[in-house]
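This report concerns only the one structure given below.
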Amino acid sequence: MKKKADPFRALKSWIENGDDALDLEIQEEMDDEATPALTEEAGRKREKKKRDPVRARRRLEGGYAVAAVLVCLALIGALVYAALQLPAFGGADTLVDSEVSAFYVENTLKETGAVNIVTGIILDYRGFDTLGESHVLFIAVCTVLLLLSIRGDKNADRIAREEAFDRHFEPRDDEVLQGAARILTPLVLVFGLYIIANGHLSPGGGFSGGAILGAGLILYQNAFGYRKTERFFTYRTFKWVSLASLLFYSLAKGYHFFTGANHLENGISPGTAGNILSGGLLLPLNFVVGCVVACTMYALYTMFRKGDF
Amino acid sequence: MEILNGMLLLFILVCAAAVSRTKSLLSAVIIFMAQGLAVSVVWILLRSPDLAITEAAVGAGITSILMFIALKKIHAIEEERKQDEKES
């Protein structure tokens, strides 16, 4: 009897039985390479054990599928109904299309100094939304840290296991990967910085540039391993860069809102349109958003991978 | 331009169907990557290069990397390789 390859098996048993089951799985993986006949037998035994509650489970799953389809259809119906109620897209007589976009096109360059109107909107007119967005990213990383981090874990076995498993399937010091990464990483990082720095002039901005920076960091880490990355990016770096960036964004935007709402002079001039150093707060804000996003991406990657930096 | 747009939209639909139909999780993630790339080209055709850059970096890049690591964590890639070796 052939053992069925079910990729969710490990996850399922981990959810049902906790950490010990995963231990068993990993042990099994390692055994598999040495003695396949033994594990075949183990698999057969386990399937026999599970045969009894199968029917009840299948019935439950059938009910679940029917319920899922019904809920989906109801949601689709509600969304289509809501979409039908919206005003026609791009119509000349719809208020939103005729006035709001015209206002932005006319006033963005004058008021914010941003040649790229999109950046002007998301960091100035809608700056509060972007503030929330950066914090959402930060909260997402905090949650992942809570769930997956092995930092300060009292269980020494778990740490050792994660460390061992992390490199289990991967080639060490791969020539091709390292050669490609040596050429690509600087280019990717410079391109990310370029997109951030030109966020108010050309397409792009803090979020996309930060994602590219994060991808460059991930590429470097993948090729050269933890020991080399640790020289410039550790848990402390992540913590302080994220904190400083979010704090700067909040303070700068708070100052901006406070002076703007009270009709005070804020002393920030838009500068000459088209220069890199123009657009008032837009350039530093783009930069801090980029920092937060890059740190977040890299932290998510390391947390998913090993649970530590 | 209309034809290219139509082809890309069709490609996205086919990808979306294929992701849910594929048995292999690894192929599903790669198809998902291809779909993200097609979506980013569509964003360029819709004249929103800002979104196109973000889509290419996040949709095709970061998301797939995270999914690959998740697959590795649940031993999916390894099991697929074993399955292939058995069949061949």
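As shown in the structure tokens, the chain order sets the letters A, B, ...; within each chain, residues go from 1, and ligands are also counted from 1 in the order they appear.
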
Could you build a table of the residues in chain B lying no more than 6 Å from chain A, giving for each the nearest pair of atoms and their separation in Å rounded to one decimal place, using only C-alpha atoms, ordered by chain and ascending residue number, as a Markdown table?
| residue | atom | partner | partner_atom | distance |
| --- | --- | --- | --- | --- |
| B:Pro49 | CA | A:Pro203 | CA | 5.8 |
| B:Asp50 | CA | A:Gly204 | CA | 4.8 |
| B:Thr54 | CA | A:Ser208 | CA | 4.6 |
| B:Ala57 | CA | A:Ile212 | CA | 6.0 |
| B:Ile74 | CA | A:Leu11 | CA | 5.7 |
| B:Ala76 | CA | A:Pro7 | CA | 4.6 |

query: What's the 8 Å shell around Ser40 of chain B, counting only C-alpha atoms, without same-chain residues fewer than 2 positions away, as an MDAnalysis selection string?
result: chainID B and resid 36:38 42:44 51:53 55:56

query: Could you pull the residues within 12 Å of His135 of chain A, counting only C-alpha atoms, minus those fewer than 2 positions along the same chain, as number ranges by chain?
result: A: 128-133, 137-142, 242-243, 245-247, 249-250, 289, 292-293, 296

Got time to write the residues from that selection, N, CA and C atoms, as an mmCIF file, in the first residue's frame?
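Output (selection-v8.cif):
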data_model
loop_
_atom_site.group_PDB
_atom_site.id
_atom_site.type_symbol
_atom_site.label_atom_id
_atom_site.label_comp_id
_atom_site.auth_asym_id
_atom_site.auth_seq_id
_atom_site.Cartn_x
_atom_site.Cartn_y
_atom_site.Cartn_z
ATOM 1 N N PHE A 128 -2.887 60.600 7.202
ATOM 2 C CA PHE A 128 -3.324 59.881 8.396
ATOM 3 C C PHE A 128 -3.543 58.406 8.077
ATOM 4 N N ASP A 129 -4.078 58.123 6.879
ATOM 5 C CA ASP A 129 -4.289 56.724 6.474
ATOM 6 C C ASP A 129 -2.969 55.981 6.405
ATOM 7 N N THR A 130 -1.954 56.657 5.825
ATOM 8 C CA THR A 130 -0.662 55.988 5.686
ATOM 9 C C THR A 130 -0.024 55.747 7.043
ATOM 10 N N LEU A 131 -0.250 56.679 7.978
ATOM 11 C CA LEU A 131 0.238 56.470 9.344
ATOM 12 C C LEU A 131 -0.355 55.189 9.922
ATOM 13 N N GLY A 132 -1.692 55.045 9.756
ATOM 14 C CA GLY A 132 -2.337 53.823 10.237
ATOM 15 C C GLY A 132 -1.806 52.590 9.547
ATOM 16 N N GLU A 133 -1.535 52.728 8.244
ATOM 17 C CA GLU A 133 -1.051 51.594 7.461
ATOM 18 C C GLU A 133 0.305 51.111 7.981
ATOM 19 N N LEU A 137 1.239 47.409 9.709
ATOM 20 C CA LEU A 137 2.371 46.541 9.375
ATOM 21 C C LEU A 137 3.146 46.176 10.623
ATOM 22 N N PHE A 138 3.395 47.183 11.458
ATOM 23 C CA PHE A 138 4.173 46.956 12.677
ATOM 24 C C PHE A 138 3.450 45.977 13.597
ATOM 25 N N ILE A 139 2.113 46.159 13.715
ATOM 26 C CA ILE A 139 1.333 45.265 14.573
ATOM 27 C C ILE A 139 1.356 43.852 14.024
ATOM 28 N N ALA A 140 1.302 43.735 12.668
ATOM 29 C CA ALA A 140 1.366 42.406 12.057
ATOM 30 C C ALA A 140 2.673 41.720 12.442
ATOM 31 N N VAL A 141 3.775 42.475 12.384
ATOM 32 C CA VAL A 141 5.065 41.874 12.748
ATOM 33 C C VAL A 141 5.077 41.496 14.223
ATOM 34 N N CYS A 142 4.491 42.350 15.085
ATOM 35 C CA CYS A 142 4.448 42.032 16.511
ATOM 36 C C CYS A 142 3.714 40.722 16.737
ATOM 37 N N SER A 242 12.511 50.449 13.414
ATOM 38 C CA SER A 242 11.048 50.514 13.352
ATOM 39 C C SER A 242 10.528 51.572 14.311
ATOM 40 N N LEU A 243 11.040 51.538 15.543
ATOM 41 C CA LEU A 243 10.562 52.491 16.551
ATOM 42 C C LEU A 243 10.829 53.927 16.115
ATOM 43 N N SER A 245 11.391 55.139 13.137
ATOM 44 C CA SER A 245 10.638 55.523 11.950
ATOM 45 C C SER A 245 9.197 55.858 12.298
ATOM 46 N N LEU A 246 8.554 54.972 13.063
ATOM 47 C CA LEU A 246 7.154 55.211 13.393
ATOM 48 C C LEU A 246 7.010 56.456 14.258
ATOM 49 N N LEU A 247 7.967 56.651 15.177
ATOM 50 C CA LEU A 247 7.907 57.826 16.042
ATOM 51 C C LEU A 247 8.061 59.106 15.227
ATOM 52 N N TYR A 249 7.435 59.502 12.043
ATOM 53 C CA TYR A 249 6.239 59.711 11.220
ATOM 54 C C TYR A 249 5.134 60.322 12.064
ATOM 55 N N SER A 250 4.886 59.753 13.243
ATOM 56 C CA SER A 250 3.787 60.245 14.077
ATOM 57 C C SER A 250 4.025 61.698 14.480
ATOM 58 N N VAL A 289 8.760 55.480 5.916
ATOM 59 C CA VAL A 289 7.837 54.402 5.541
ATOM 60 C C VAL A 289 8.616 53.267 4.896
ATOM 61 N N VAL A 292 10.320 51.222 7.603
ATOM 62 C CA VAL A 292 9.395 50.334 8.319
ATOM 63 C C VAL A 292 9.052 49.126 7.464
ATOM 64 N N VAL A 293 8.754 49.376 6.173
ATOM 65 C CA VAL A 293 8.329 48.273 5.312
ATOM 66 C C VAL A 293 9.475 47.282 5.116
ATOM 67 N N THR A 296 9.930 45.278 8.202
ATOM 68 C CA THR A 296 8.809 44.367 8.375
ATOM 69 C C THR A 296 8.963 43.144 7.489
#

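Across the structure, atom CA of Arg59 of chain A and atom CA of Leu75 of chain A are spaced 24.5 Å apart.
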